[in-house]
file query.cif (mmCIF, N, CA and C atoms and all ligand atoms)
data_model
loop_
_atom_site.label_atom_id
_atom_site.label_comp_id
_atom_site.auth_asym_id
_atom_site.auth_seq_id
_atom_site.Cartn_x
_atom_site.Cartn_y
_atom_site.Cartn_z
N MET A 1 0.83 -1.20 0.00
CA MET A 1 0.00 0.00 0.00
C MET A 1 0.87 1.26 0.00
N ASP A 2 0.44 2.29 -0.78
CA ASP A 2 1.23 3.52 -0.86
C ASP A 2 1.26 4.20 0.51
N GLN A 3 2.38 4.81 0.80
CA GLN A 3 2.50 5.58 2.03
C GLN A 3 1.73 6.88 1.87
N PRO A 4 1.10 7.39 2.94
CA PRO A 4 0.42 8.70 2.82
C PRO A 4 1.46 9.80 2.60
N PHE A 5 1.03 10.89 1.99
CA PHE A 5 1.98 11.98 1.71
C PHE A 5 2.58 12.54 3.00
N TYR A 6 1.86 12.33 4.11
CA TYR A 6 2.32 12.88 5.39
C TYR A 6 3.14 11.86 6.18
N LYS A 7 3.75 10.91 5.50
CA LYS A 7 4.50 9.85 6.20
C LYS A 7 5.63 10.41 7.07
N ASP A 8 6.17 11.56 6.70
CA ASP A 8 7.22 12.17 7.52
C ASP A 8 6.65 13.22 8.48
N GLY A 9 5.33 13.26 8.59
CA GLY A 9 4.69 14.19 9.51
C GLY A 9 4.36 15.52 8.86
N LEU A 10 3.67 16.36 9.62
CA LEU A 10 3.25 17.68 9.14
C LEU A 10 3.38 18.69 10.28
N ASP A 11 3.54 19.94 9.92
CA ASP A 11 3.66 21.00 10.93
C ASP A 11 2.36 21.80 11.02
N PHE A 12 1.95 22.05 12.24
CA PHE A 12 0.76 22.89 12.46
C PHE A 12 0.82 23.46 13.87
N GLU A 13 0.51 24.72 13.97
CA GLU A 13 0.36 25.35 15.29
C GLU A 13 -0.66 26.47 15.18
N CYS A 14 -1.74 26.33 15.91
CA CYS A 14 -2.79 27.34 15.85
C CYS A 14 -2.28 28.67 16.41
N THR A 15 -2.49 29.73 15.66
CA THR A 15 -2.08 31.06 16.12
C THR A 15 -3.18 31.75 16.92
N ARG A 16 -4.33 31.06 17.04
CA ARG A 16 -5.52 31.62 17.70
C ARG A 16 -6.00 32.90 17.01
N CYS A 17 -5.89 32.92 15.71
CA CYS A 17 -6.33 34.12 14.98
C CYS A 17 -7.86 34.19 14.90
N SER A 18 -8.55 33.07 15.16
CA SER A 18 -10.01 32.98 15.15
C SER A 18 -10.63 33.06 13.75
N ARG A 19 -9.81 33.02 12.72
CA ARG A 19 -10.36 33.14 11.36
C ARG A 19 -11.35 32.02 11.05
N CYS A 20 -11.10 30.84 11.60
CA CYS A 20 -11.99 29.71 11.31
C CYS A 20 -13.24 29.72 12.19
N CYS A 21 -13.32 30.66 13.11
CA CYS A 21 -14.47 30.73 14.02
C CYS A 21 -15.40 31.89 13.69
N ARG A 22 -14.97 32.77 12.78
CA ARG A 22 -15.68 34.04 12.63
C ARG A 22 -15.89 34.45 11.17
N HIS A 23 -16.82 35.34 11.01
CA HIS A 23 -17.04 36.12 9.77
C HIS A 23 -17.71 35.36 8.62
N ASP A 24 -17.54 34.06 8.56
CA ASP A 24 -18.12 33.30 7.44
C ASP A 24 -19.05 32.22 7.99
N PRO A 25 -20.18 32.00 7.30
CA PRO A 25 -21.03 30.88 7.73
C PRO A 25 -20.34 29.57 7.40
N GLY A 26 -20.65 28.56 8.17
CA GLY A 26 -20.04 27.25 7.92
C GLY A 26 -20.70 26.21 8.80
N TYR A 27 -20.10 25.06 8.85
CA TYR A 27 -20.66 23.98 9.65
C TYR A 27 -19.66 23.51 10.69
N VAL A 28 -20.11 23.45 11.93
CA VAL A 28 -19.35 22.74 12.96
C VAL A 28 -20.24 21.57 13.36
N PHE A 29 -19.99 20.44 12.74
CA PHE A 29 -20.83 19.27 12.99
C PHE A 29 -20.49 18.65 14.35
N LEU A 30 -21.53 18.18 15.02
CA LEU A 30 -21.38 17.71 16.40
C LEU A 30 -21.64 16.21 16.52
N SER A 31 -20.89 15.59 17.42
CA SER A 31 -21.16 14.20 17.80
C SER A 31 -22.12 14.23 18.99
N GLU A 32 -22.62 13.07 19.37
CA GLU A 32 -23.46 13.01 20.57
C GLU A 32 -22.67 13.44 21.80
N ASN A 33 -21.39 13.06 21.82
CA ASN A 33 -20.55 13.46 22.96
C ASN A 33 -20.37 14.98 23.01
N ASP A 34 -20.19 15.60 21.83
CA ASP A 34 -20.09 17.07 21.78
C ASP A 34 -21.37 17.70 22.37
N ILE A 35 -22.50 17.20 21.93
CA ILE A 35 -23.78 17.77 22.38
C ILE A 35 -23.91 17.64 23.91
N LYS A 36 -23.50 16.48 24.40
CA LYS A 36 -23.60 16.23 25.85
C LYS A 36 -22.68 17.18 26.62
N LYS A 37 -21.43 17.26 26.21
CA LYS A 37 -20.48 18.06 27.01
C LYS A 37 -20.77 19.56 26.87
N LEU A 38 -21.18 20.01 25.67
CA LEU A 38 -21.45 21.44 25.49
C LEU A 38 -22.72 21.85 26.25
N SER A 39 -23.73 20.99 26.24
CA SER A 39 -24.96 21.30 27.01
C SER A 39 -24.62 21.48 28.48
N LYS A 40 -23.77 20.58 28.97
CA LYS A 40 -23.40 20.61 30.39
C LYS A 40 -22.64 21.90 30.72
N ILE A 41 -21.67 22.24 29.89
CA ILE A 41 -20.87 23.45 30.15
C ILE A 41 -21.75 24.70 30.12
N ILE A 42 -22.64 24.75 29.14
CA ILE A 42 -23.49 25.93 28.99
C ILE A 42 -24.59 25.96 30.07
N GLY A 43 -24.94 24.79 30.57
CA GLY A 43 -25.92 24.72 31.64
C GLY A 43 -27.36 24.63 31.14
N VAL A 44 -27.53 23.93 30.03
CA VAL A 44 -28.88 23.69 29.49
C VAL A 44 -29.05 22.19 29.26
N ASP A 45 -30.29 21.77 29.04
CA ASP A 45 -30.46 20.35 28.72
C ASP A 45 -30.32 20.16 27.20
N ARG A 46 -30.33 18.91 26.77
CA ARG A 46 -30.08 18.60 25.36
C ARG A 46 -31.06 19.34 24.44
N LYS A 47 -32.34 19.33 24.84
CA LYS A 47 -33.37 19.95 24.01
C LYS A 47 -33.13 21.45 23.86
N GLU A 48 -32.80 22.09 24.96
CA GLU A 48 -32.53 23.55 24.93
C GLU A 48 -31.28 23.85 24.11
N PHE A 49 -30.28 22.99 24.25
CA PHE A 49 -29.04 23.19 23.50
C PHE A 49 -29.31 23.09 21.99
N LEU A 50 -30.06 22.05 21.61
CA LEU A 50 -30.35 21.88 20.17
C LEU A 50 -31.18 23.05 19.64
N ALA A 51 -32.11 23.54 20.46
CA ALA A 51 -32.98 24.63 20.01
C ALA A 51 -32.25 25.97 19.95
N GLY A 52 -31.32 26.19 20.87
CA GLY A 52 -30.70 27.51 20.97
C GLY A 52 -29.35 27.66 20.30
N TYR A 53 -28.70 26.54 20.04
CA TYR A 53 -27.31 26.62 19.55
C TYR A 53 -27.06 25.83 18.26
N CYS A 54 -28.05 25.11 17.80
CA CYS A 54 -27.79 24.16 16.70
C CYS A 54 -28.77 24.32 15.55
N LYS A 55 -28.34 23.80 14.41
CA LYS A 55 -29.23 23.69 13.25
C LYS A 55 -29.11 22.27 12.70
N ILE A 56 -30.20 21.85 12.05
CA ILE A 56 -30.19 20.54 11.41
C ILE A 56 -29.76 20.73 9.97
N VAL A 57 -28.84 19.91 9.53
CA VAL A 57 -28.33 20.02 8.16
C VAL A 57 -28.60 18.71 7.43
N ASN A 58 -29.19 18.84 6.25
CA ASN A 58 -29.45 17.65 5.42
C ASN A 58 -28.35 17.55 4.37
N LEU A 59 -27.46 16.58 4.55
CA LEU A 59 -26.35 16.40 3.61
C LEU A 59 -26.71 15.27 2.65
N GLY A 60 -27.47 15.60 1.64
CA GLY A 60 -27.84 14.59 0.65
C GLY A 60 -28.55 13.41 1.27
N GLY A 61 -29.44 13.68 2.22
CA GLY A 61 -30.20 12.61 2.85
C GLY A 61 -29.64 12.21 4.22
N PHE A 62 -28.41 12.61 4.52
CA PHE A 62 -27.84 12.33 5.84
C PHE A 62 -28.08 13.54 6.74
N ILE A 63 -28.80 13.30 7.83
CA ILE A 63 -29.12 14.40 8.75
C ILE A 63 -27.98 14.55 9.77
N ARG A 64 -27.50 15.77 9.90
CA ARG A 64 -26.43 16.06 10.85
C ARG A 64 -26.79 17.30 11.66
N ILE A 65 -26.14 17.46 12.82
CA ILE A 65 -26.36 18.61 13.69
C ILE A 65 -25.13 19.50 13.65
N SER A 66 -25.34 20.78 13.42
CA SER A 66 -24.22 21.74 13.40
C SER A 66 -24.50 22.88 14.36
N LEU A 67 -23.46 23.50 14.87
CA LEU A 67 -23.63 24.76 15.60
C LEU A 67 -24.16 25.82 14.65
N ILE A 68 -24.85 26.80 15.18
CA ILE A 68 -25.29 27.93 14.36
C ILE A 68 -24.31 29.09 14.50
N GLU A 69 -24.53 30.10 13.68
CA GLU A 69 -23.73 31.33 13.78
C GLU A 69 -24.60 32.46 14.33
N LYS A 70 -23.94 33.48 14.84
CA LYS A 70 -24.66 34.70 15.20
C LYS A 70 -24.97 35.47 13.92
N SER A 71 -25.68 36.59 14.06
CA SER A 71 -26.08 37.34 12.87
C SER A 71 -24.87 37.89 12.10
N ASN A 72 -23.75 38.05 12.78
CA ASN A 72 -22.54 38.55 12.09
C ASN A 72 -21.67 37.41 11.54
N ASN A 73 -22.21 36.19 11.59
CA ASN A 73 -21.53 34.99 11.09
C ASN A 73 -20.39 34.49 11.97
N ASP A 74 -20.26 35.03 13.18
CA ASP A 74 -19.34 34.41 14.14
C ASP A 74 -20.01 33.15 14.69
N CYS A 75 -19.21 32.17 15.00
CA CYS A 75 -19.74 30.97 15.65
C CYS A 75 -20.49 31.37 16.91
N ILE A 76 -21.59 30.69 17.18
CA ILE A 76 -22.41 31.01 18.36
C ILE A 76 -21.60 30.88 19.66
N LEU A 77 -20.51 30.12 19.63
CA LEU A 77 -19.71 29.92 20.83
C LEU A 77 -18.45 30.78 20.86
N TRP A 78 -18.36 31.72 19.94
CA TRP A 78 -17.21 32.63 19.94
C TRP A 78 -17.61 33.95 20.60
N ALA A 79 -16.78 34.45 21.48
CA ALA A 79 -17.05 35.76 22.11
C ALA A 79 -15.79 36.30 22.75
N ASP A 80 -15.71 37.59 22.84
CA ASP A 80 -14.63 38.26 23.59
C ASP A 80 -13.23 37.75 23.22
N GLY A 81 -12.99 37.62 21.95
CA GLY A 81 -11.63 37.29 21.50
C GLY A 81 -11.30 35.82 21.38
N GLY A 82 -12.24 34.94 21.63
CA GLY A 82 -11.90 33.53 21.49
C GLY A 82 -13.08 32.60 21.69
N CYS A 83 -12.78 31.32 21.59
CA CYS A 83 -13.81 30.29 21.78
C CYS A 83 -14.15 30.20 23.26
N THR A 84 -15.43 30.31 23.58
CA THR A 84 -15.85 30.32 24.98
C THR A 84 -15.83 28.92 25.61
N VAL A 85 -15.64 27.91 24.75
CA VAL A 85 -15.62 26.53 25.28
C VAL A 85 -14.32 25.84 24.85
N TYR A 86 -13.25 26.63 24.71
CA TYR A 86 -12.04 26.14 24.03
C TYR A 86 -11.57 24.77 24.52
N LYS A 87 -11.50 24.59 25.83
CA LYS A 87 -10.98 23.31 26.34
C LYS A 87 -11.90 22.14 26.03
N SER A 88 -13.15 22.44 25.82
CA SER A 88 -14.13 21.38 25.52
C SER A 88 -14.77 21.59 24.15
N ARG A 89 -14.04 22.23 23.25
CA ARG A 89 -14.61 22.52 21.92
C ARG A 89 -14.94 21.22 21.19
N PRO A 90 -15.85 21.31 20.21
CA PRO A 90 -16.26 20.11 19.50
C PRO A 90 -15.07 19.38 18.87
N LEU A 91 -15.23 18.08 18.70
CA LEU A 91 -14.13 17.27 18.14
C LEU A 91 -13.69 17.80 16.77
N GLN A 92 -14.64 18.28 16.00
CA GLN A 92 -14.29 18.84 14.68
C GLN A 92 -13.26 19.96 14.82
N CYS A 93 -13.47 20.83 15.80
CA CYS A 93 -12.54 21.94 16.04
C CYS A 93 -11.25 21.42 16.66
N MET A 94 -11.39 20.47 17.57
CA MET A 94 -10.24 19.93 18.30
C MET A 94 -9.27 19.21 17.36
N THR A 95 -9.79 18.57 16.34
CA THR A 95 -8.93 17.75 15.47
C THR A 95 -8.48 18.50 14.21
N TYR A 96 -9.00 19.72 14.01
CA TYR A 96 -8.55 20.49 12.86
C TYR A 96 -7.05 20.73 12.97
N PRO A 97 -6.29 20.68 11.90
CA PRO A 97 -6.65 20.46 10.49
C PRO A 97 -6.48 19.01 10.04
N PHE A 98 -6.41 18.10 11.02
CA PHE A 98 -6.13 16.70 10.66
C PHE A 98 -7.43 15.95 10.38
N TRP A 99 -8.11 16.38 9.33
CA TRP A 99 -9.34 15.75 8.87
C TRP A 99 -9.04 14.92 7.63
N SER A 100 -9.77 13.85 7.44
CA SER A 100 -9.51 13.00 6.27
C SER A 100 -9.63 13.81 4.97
N SER A 101 -10.55 14.79 4.95
CA SER A 101 -10.74 15.60 3.74
C SER A 101 -9.55 16.51 3.45
N SER A 102 -8.73 16.76 4.47
CA SER A 102 -7.57 17.65 4.29
C SER A 102 -6.31 16.87 3.98
N LEU A 103 -6.40 15.55 4.11
CA LEU A 103 -5.18 14.75 4.07
C LEU A 103 -5.11 13.83 2.85
N ASN A 104 -5.87 14.19 1.82
CA ASN A 104 -5.82 13.39 0.59
C ASN A 104 -4.52 13.59 -0.16
N SER A 105 -4.00 14.79 -0.13
CA SER A 105 -2.81 15.09 -0.91
C SER A 105 -2.10 16.30 -0.31
N ARG A 106 -0.86 16.46 -0.67
CA ARG A 106 -0.08 17.63 -0.25
C ARG A 106 -0.77 18.91 -0.73
N GLU A 107 -1.36 18.85 -1.92
CA GLU A 107 -2.03 20.04 -2.47
C GLU A 107 -3.21 20.43 -1.59
N ASP A 108 -4.01 19.43 -1.18
CA ASP A 108 -5.17 19.73 -0.33
C ASP A 108 -4.70 20.33 1.00
N TRP A 109 -3.63 19.75 1.53
CA TRP A 109 -3.10 20.24 2.81
C TRP A 109 -2.60 21.67 2.68
N ASP A 110 -1.77 21.90 1.66
CA ASP A 110 -1.20 23.24 1.50
C ASP A 110 -2.29 24.28 1.22
N ALA A 111 -3.38 23.85 0.55
CA ALA A 111 -4.47 24.78 0.23
C ALA A 111 -5.11 25.33 1.51
N LEU A 112 -5.09 24.54 2.58
CA LEU A 112 -5.66 25.02 3.85
C LEU A 112 -4.93 26.27 4.34
N GLY A 113 -3.65 26.35 3.98
CA GLY A 113 -2.83 27.47 4.45
C GLY A 113 -3.28 28.81 3.91
N ARG A 114 -4.11 28.80 2.86
CA ARG A 114 -4.60 30.09 2.33
C ARG A 114 -5.52 30.79 3.33
N ASN A 115 -6.18 29.99 4.15
CA ASN A 115 -7.11 30.58 5.13
C ASN A 115 -6.68 30.37 6.57
N CYS A 116 -5.67 29.55 6.77
CA CYS A 116 -5.25 29.23 8.13
C CYS A 116 -3.74 29.44 8.27
N PRO A 117 -3.34 30.47 9.01
CA PRO A 117 -1.91 30.76 9.15
C PRO A 117 -1.14 29.74 9.98
N GLY A 118 -1.85 28.79 10.59
CA GLY A 118 -1.18 27.78 11.40
C GLY A 118 -0.61 26.62 10.61
N ILE A 119 -1.02 26.52 9.35
CA ILE A 119 -0.58 25.39 8.52
C ILE A 119 0.89 25.55 8.14
N ASN A 120 1.62 24.44 8.25
CA ASN A 120 3.05 24.38 7.87
C ASN A 120 3.93 25.31 8.71
N ARG A 121 3.58 25.40 9.97
CA ARG A 121 4.44 26.14 10.90
C ARG A 121 4.33 25.49 12.29
N GLY A 122 5.30 25.78 13.14
CA GLY A 122 5.19 25.38 14.54
C GLY A 122 5.35 23.90 14.80
N ARG A 123 4.52 23.37 15.66
CA ARG A 123 4.66 22.00 16.16
C ARG A 123 4.64 20.96 15.04
N HIS A 124 5.56 20.00 15.19
CA HIS A 124 5.61 18.90 14.22
C HIS A 124 4.77 17.73 14.73
N TYR A 125 3.88 17.24 13.90
CA TYR A 125 3.07 16.06 14.21
C TYR A 125 3.59 14.90 13.39
N THR A 126 3.88 13.79 14.05
CA THR A 126 4.33 12.61 13.32
C THR A 126 3.13 11.97 12.61
N ALA A 127 3.44 11.07 11.68
CA ALA A 127 2.36 10.37 10.97
C ALA A 127 1.48 9.61 11.98
N ALA A 128 2.11 9.04 13.01
CA ALA A 128 1.34 8.28 14.01
C ALA A 128 0.39 9.21 14.77
N GLU A 129 0.85 10.40 15.08
CA GLU A 129 -0.03 11.36 15.78
C GLU A 129 -1.19 11.79 14.88
N ILE A 130 -0.90 11.95 13.60
CA ILE A 130 -1.96 12.34 12.66
C ILE A 130 -2.99 11.21 12.55
N GLU A 131 -2.50 9.99 12.49
CA GLU A 131 -3.43 8.85 12.42
C GLU A 131 -4.29 8.78 13.68
N GLU A 132 -3.71 9.12 14.81
CA GLU A 132 -4.48 9.14 16.07
C GLU A 132 -5.63 10.13 15.98
N LYS A 133 -5.35 11.30 15.40
CA LYS A 133 -6.40 12.33 15.25
C LYS A 133 -7.52 11.80 14.34
N LEU A 134 -7.12 11.16 13.26
CA LEU A 134 -8.13 10.61 12.34
C LEU A 134 -8.97 9.54 13.03
N MET A 135 -8.32 8.77 13.89
CA MET A 135 -9.01 7.70 14.59
C MET A 135 -10.05 8.25 15.57
N LEU A 136 -9.75 9.42 16.17
CA LEU A 136 -10.70 10.03 17.11
C LEU A 136 -12.05 10.24 16.45
N ARG A 137 -12.01 10.73 15.19
CA ARG A 137 -13.26 10.97 14.47
C ARG A 137 -13.99 9.66 14.20
N LYS A 138 -13.22 8.62 13.86
CA LYS A 138 -13.86 7.33 13.58
C LYS A 138 -14.53 6.77 14.83
N LYS A 139 -13.87 7.02 15.98
CA LYS A 139 -14.42 6.50 17.25
C LYS A 139 -15.62 7.30 17.70
N GLU A 140 -15.70 8.55 17.25
CA GLU A 140 -16.78 9.44 17.72
C GLU A 140 -17.51 10.00 16.51
N PRO A 141 -18.38 9.22 15.89
CA PRO A 141 -19.06 9.70 14.68
C PRO A 141 -20.01 10.85 14.96
N LEU A 142 -20.42 11.53 13.91
CA LEU A 142 -21.31 12.69 14.03
C LEU A 142 -22.70 12.25 14.45
N SER A 143 -23.36 13.12 15.21
CA SER A 143 -24.74 12.84 15.61
C SER A 143 -25.65 12.82 14.39
N GLU A 144 -26.61 11.92 14.43
CA GLU A 144 -27.58 11.85 13.34
C GLU A 144 -28.90 12.52 13.73
N GLY A 145 -28.82 13.38 14.76
CA GLY A 145 -29.98 14.19 15.12
C GLY A 145 -30.88 13.57 16.15
S1 LIG S 201 -7.55 29.75 11.17
FE1 LIG S 201 -5.96 28.28 11.77
S2 LIG S 201 -4.56 29.48 13.05
FE2 LIG S 201 -6.47 30.65 12.92
S3 LIG S 201 -7.66 30.00 14.73
FE3 LIG S 201 -8.27 28.68 13.00
S4 LIG S 201 -6.95 26.88 13.21
FE4 LIG S 201 -6.02 28.50 14.42
S1 LIG S 202 -16.79 25.91 18.80
FE1 LIG S 202 -15.13 27.26 19.36
S2 LIG S 202 -13.35 26.56 18.17
FE2 LIG S 202 -15.20 25.69 17.22
S3 LIG S 202 -15.78 27.15 15.61
FE3 LIG S 202 -16.94 27.70 17.46
S4 LIG S 202 -15.71 29.27 18.48
FE4 LIG S 202 -14.38 28.20 16.99
#
call {"tool": "encode", "arguments": {"input": "query.cif", "output": "structure tokens"}}
result
Amino acid sequence: MDQPFYKDGLDFECTRCSRCCRHDPGYVFLSENDIKKLSKIIGVDRKEFLAGYCKIVNLGGFIRISLIEKSNNDCILWADGGCTVYKSRPLQCMTYPFWSSSLNSREDWDALGRNCPGINRGRHYTAAEIEEKLMLRKKEPLSEG
């Protein structure tokens, strides 16, 4: 089997610029574990959390739950210069940029750097560490609503 392009590892270090949390609409898809831990931190029950912080997204017949944005397109959980739940942020945010969709090729990886200044700088992640991040997503699939 061919070795992945990241066999010698990749560099990434978040600069906390918040670019991926603000200004543009997008999807932060949640697992059941994300929903549980975020509801608890915010101090609401599951139903209130889904009603006040989430939207249902139909991805070609697959129903998923995503965080919503404020009217200015900042993530609903972003405020005062940063993520208000940073230590317990959703797995999607926690594992960025080591997503399977970003790791198909060197080109896909480098393309992330156009919007994320943390790509190809700072901490070195070995291939084994990257595989661990990918495995986290497999172990914790997205909520189906
Ligand atoms: S855009 Fe990249 S560097 Fe900026 S906050 Fe997001 S992950 Fe961190
Ligand atoms: S949950 Fe936090 S880290 Fe994730 S997009 Fe929202 S503000 Fe950013």
call {"tool": "residues_around", "arguments": {"input": "query.cif", "residues": "range 108-116 of chain A", "least_positions_apart": "4", "cutoff": "10 Å", "atoms": "only C-alpha atoms", "output": "list in words"}}
result
Phe5, Tyr6, Leu10, Phe12, Glu13, Cys14, Thr15, Arg16, Cys17, Ser18, Arg19, Cys20, Pro97, Phe98, Trp99, Ser101, Ser102, Leu103, Asn104, Asn120 and Arg121 of chain A
call {"tool": "write_last_selection", "arguments": {"input": "query.cif", "atoms": "N, CA and C atoms", "output": "PDB file, in the frame of the given file"}}
result
ATOM      1  N   PHE A   5       1.030  10.890   1.990  1.00  0.00           N
ATOM      2  CA  PHE A   5       1.980  11.980   1.710  1.00  0.00           C
ATOM      3  C   PHE A   5       2.580  12.540   3.000  1.00  0.00           C
ATOM      4  N   TYR A   6       1.860  12.330   4.110  1.00  0.00           N
ATOM      5  CA  TYR A   6       2.320  12.880   5.390  1.00  0.00           C
ATOM      6  C   TYR A   6       3.140  11.860   6.180  1.00  0.00           C
ATOM      7  N   LEU A  10       3.670  16.360   9.620  1.00  0.00           N
ATOM      8  CA  LEU A  10       3.250  17.680   9.140  1.00  0.00           C
ATOM      9  C   LEU A  10       3.380  18.690  10.280  1.00  0.00           C
ATOM     10  N   PHE A  12       1.950  22.050  12.240  1.00  0.00           N
ATOM     11  CA  PHE A  12       0.760  22.890  12.460  1.00  0.00           C
ATOM     12  C   PHE A  12       0.820  23.460  13.870  1.00  0.00           C
ATOM     13  N   GLU A  13       0.510  24.720  13.970  1.00  0.00           N
ATOM     14  CA  GLU A  13       0.360  25.350  15.290  1.00  0.00           C
ATOM     15  C   GLU A  13      -0.660  26.470  15.180  1.00  0.00           C
ATOM     16  N   CYS A  14      -1.740  26.330  15.910  1.00  0.00           N
ATOM     17  CA  CYS A  14      -2.790  27.340  15.850  1.00  0.00           C
ATOM     18  C   CYS A  14      -2.280  28.670  16.410  1.00  0.00           C
ATOM     19  N   THR A  15      -2.490  29.730  15.660  1.00  0.00           N
ATOM     20  CA  THR A  15      -2.080  31.060  16.120  1.00  0.00           C
ATOM     21  C   THR A  15      -3.180  31.750  16.920  1.00  0.00           C
ATOM     22  N   ARG A  16      -4.330  31.060  17.040  1.00  0.00           N
ATOM     23  CA  ARG A  16      -5.520  31.620  17.700  1.00  0.00           C
ATOM     24  C   ARG A  16      -6.000  32.900  17.010  1.00  0.00           C
ATOM     25  N   CYS A  17      -5.890  32.920  15.710  1.00  0.00           N
ATOM     26  CA  CYS A  17      -6.330  34.120  14.980  1.00  0.00           C
ATOM     27  C   CYS A  17      -7.860  34.190  14.900  1.00  0.00           C
ATOM     28  N   SER A  18      -8.550  33.070  15.160  1.00  0.00           N
ATOM     29  CA  SER A  18     -10.010  32.980  15.150  1.00  0.00           C
ATOM     30  C   SER A  18     -10.630  33.060  13.750  1.00  0.00           C
ATOM     31  N   ARG A  19      -9.810  33.020  12.720  1.00  0.00           N
ATOM     32  CA  ARG A  19     -10.360  33.140  11.360  1.00  0.00           C
ATOM     33  C   ARG A  19     -11.350  32.020  11.050  1.00  0.00           C
ATOM     34  N   CYS A  20     -11.100  30.840  11.600  1.00  0.00           N
ATOM     35  CA  CYS A  20     -11.990  29.710  11.310  1.00  0.00           C
ATOM     36  C   CYS A  20     -13.240  29.720  12.190  1.00  0.00           C
ATOM     37  N   PRO A  97      -6.290  20.680  11.900  1.00  0.00           N
ATOM     38  CA  PRO A  97      -6.650  20.460  10.490  1.00  0.00           C
ATOM     39  C   PRO A  97      -6.480  19.010  10.040  1.00  0.00           C
ATOM     40  N   PHE A  98      -6.410  18.100  11.020  1.00  0.00           N
ATOM     41  CA  PHE A  98      -6.130  16.700  10.660  1.00  0.00           C
ATOM     42  C   PHE A  98      -7.430  15.950  10.380  1.00  0.00           C
ATOM     43  N   TRP A  99      -8.110  16.380   9.330  1.00  0.00           N
ATOM     44  CA  TRP A  99      -9.340  15.750   8.870  1.00  0.00           C
ATOM     45  C   TRP A  99      -9.040  14.920   7.630  1.00  0.00           C
ATOM     46  N   SER A 101     -10.550  14.790   4.950  1.00  0.00           N
ATOM     47  CA  SER A 101     -10.740  15.600   3.740  1.00  0.00           C
ATOM     48  C   SER A 101      -9.550  16.510   3.450  1.00  0.00           C
ATOM     49  N   SER A 102      -8.730  16.760   4.470  1.00  0.00           N
ATOM     50  CA  SER A 102      -7.570  17.650   4.290  1.00  0.00           C
ATOM     51  C   SER A 102      -6.310  16.870   3.980  1.00  0.00           C
ATOM     52  N   LEU A 103      -6.400  15.550   4.110  1.00  0.00           N
ATOM     53  CA  LEU A 103      -5.180  14.750   4.070  1.00  0.00           C
ATOM     54  C   LEU A 103      -5.110  13.830   2.850  1.00  0.00           C
ATOM     55  N   ASN A 104      -5.870  14.190   1.820  1.00  0.00           N
ATOM     56  CA  ASN A 104      -5.820  13.390   0.590  1.00  0.00           C
ATOM     57  C   ASN A 104      -4.520  13.590  -0.160  1.00  0.00           C
ATOM     58  N   ASN A 120       1.620  24.440   8.250  1.00  0.00           N
ATOM     59  CA  ASN A 120       3.050  24.380   7.870  1.00  0.00           C
ATOM     60  C   ASN A 120       3.930  25.310   8.710  1.00  0.00           C
ATOM     61  N   ARG A 121       3.580  25.400   9.970  1.00  0.00           N
ATOM     62  CA  ARG A 121       4.440  26.140  10.900  1.00  0.00           C
ATOM     63  C   ARG A 121       4.330  25.490  12.290  1.00  0.00           C
TER      64      ARG A 121
END
call {"tool": "residues_near_ligand", "arguments": {"input": "query.cif", "ligand": "ligand LIG 202 (chain S)", "cutoff": "5 Å", "atoms": "all atoms listed in the file", "output": "list in words"}}
result
Cys20, Cys21, Cys75, Leu77, Trp78, Cys83, Pro90 and Cys93 of chain A
call {"tool": "closest_residue", "arguments": {"input": "query.cif", "among": "A:Ile76, A:Ile119, A:Ile63, A:Ile68", "to": "ligand LIG 201 (chain S)", "atoms": "all atoms listed in the file"}}
result
A:Ile119
call {"tool": "closest_atom_pairs", "arguments": {"input": "query.cif", "of": "range 2-42 of chain A", "to": "range 53-58 of chain A", "cutoff": "10 Å", "atoms": "only C-alpha atoms", "output": "tab-separated table"}}
result
residue	atom	partner	partner_atom	distance
A:Tyr27	CA	A:Val57	CA	8.8
A:Val28	CA	A:Cys54	CA	9.3
A:Phe29	CA	A:Val57	CA	9.0
A:Leu30	CA	A:Cys54	CA	9.1
A:Ile35	CA	A:Cys54	CA	9.4
A:Leu38	CA	A:Tyr53	CA	9.8
A:Ser39	CA	A:Tyr53	CA	9.5
call {"tool": "residues_around", "arguments": {"input": "query.cif", "residues": "Asp74 in chain A", "least_positions_apart": "4", "cutoff": "9 Å", "atoms": "only C-alpha atoms", "output": "NGL selection string"}}
result
:A and (21-25 or 68-70 or 78-79)
call {"tool": "closest_residue", "arguments": {"input": "query.cif", "among": "A:Gly81, A:Gly145, A:Gly9, A:Gly118", "to": "ligand LIG 201 (chain S)", "atoms": "all atoms listed in the file"}}
result
A:Gly118
call {"tool": "residues_near_point", "arguments": {"input": "query.cif", "point": "(3.8, 5.1, 14.0)", "cutoff": "12 Å", "atoms": "only C-alpha atoms", "output": "MDAnalysis selection string"}}
result
chainID A and resid 6:9 125:132
call {"tool": "atom_distance", "arguments": {"input": "query.cif", "atom1": "atom N of Gly122 in chain A", "atom2": "atom N of Lys139 in chain A"}}
result
27.0 Å
call {"tool": "atom_distance", "arguments": {"input": "query.cif", "atom1": "atom N of Asp45 in chain A", "atom2": "atom N of Thr95 in chain A"}}
result
24.3 Å
call {"tool": "closest_residue", "arguments": {"input": "query.cif", "among": "A:Gln3, A:Pro141, A:Lys37, A:Ser66", "to": "Ser88 in chain A", "atoms": "all atoms listed in the file"}}
result
A:Lys37
call {"tool": "closest_residue", "arguments": {"input": "query.cif", "among": "A:Phe49, A:Leu67, A:Phe62, A:Pro4", "to": "Gln92 in chain A", "atoms": "only C-alpha atoms"}}
result
A:Leu67
call {"tool": "select_by_dssp", "arguments": {"input": "query.cif", "residues": "range 68-132 of chain A", "states": "helix (DSSP H, G or I)", "output": "list in words"}}
result
Tyr86, Lys87, Ser88, Leu91, Gln92, Cys93, Met94, Thr95, Ser100, Ser101, Ser102, Arg106, Glu107, Asp108, Trp109, Asp110, Ala111, Leu112, Ala127, Ala128, Glu129, Ile130, Glu131 and Glu132 of chain A
call {"tool": "atom_distance", "arguments": {"input": "query.cif", "atom1": "atom C of Tyr86 in chain A", "atom2": "atom C of Ser100 in chain A"}}
result
22.5 Å
call {"tool": "decode", "arguments": {"input": "query.cif", "residues": "range 141-145 of chain A", "atoms": "C-alpha atoms", "output": "compact mmCIF listing (two decimals), in the first residue's frame"}}
result
# COMPACT_ATOMS: atom_id res chain seq x y z
CA PRO A 141 -19.06 9.70 14.68
CA LEU A 142 -21.31 12.69 14.03
CA SER A 143 -24.74 12.84 15.61
CA GLU A 144 -27.58 11.85 13.34
CA GLY A 145 -29.98 14.19 15.12
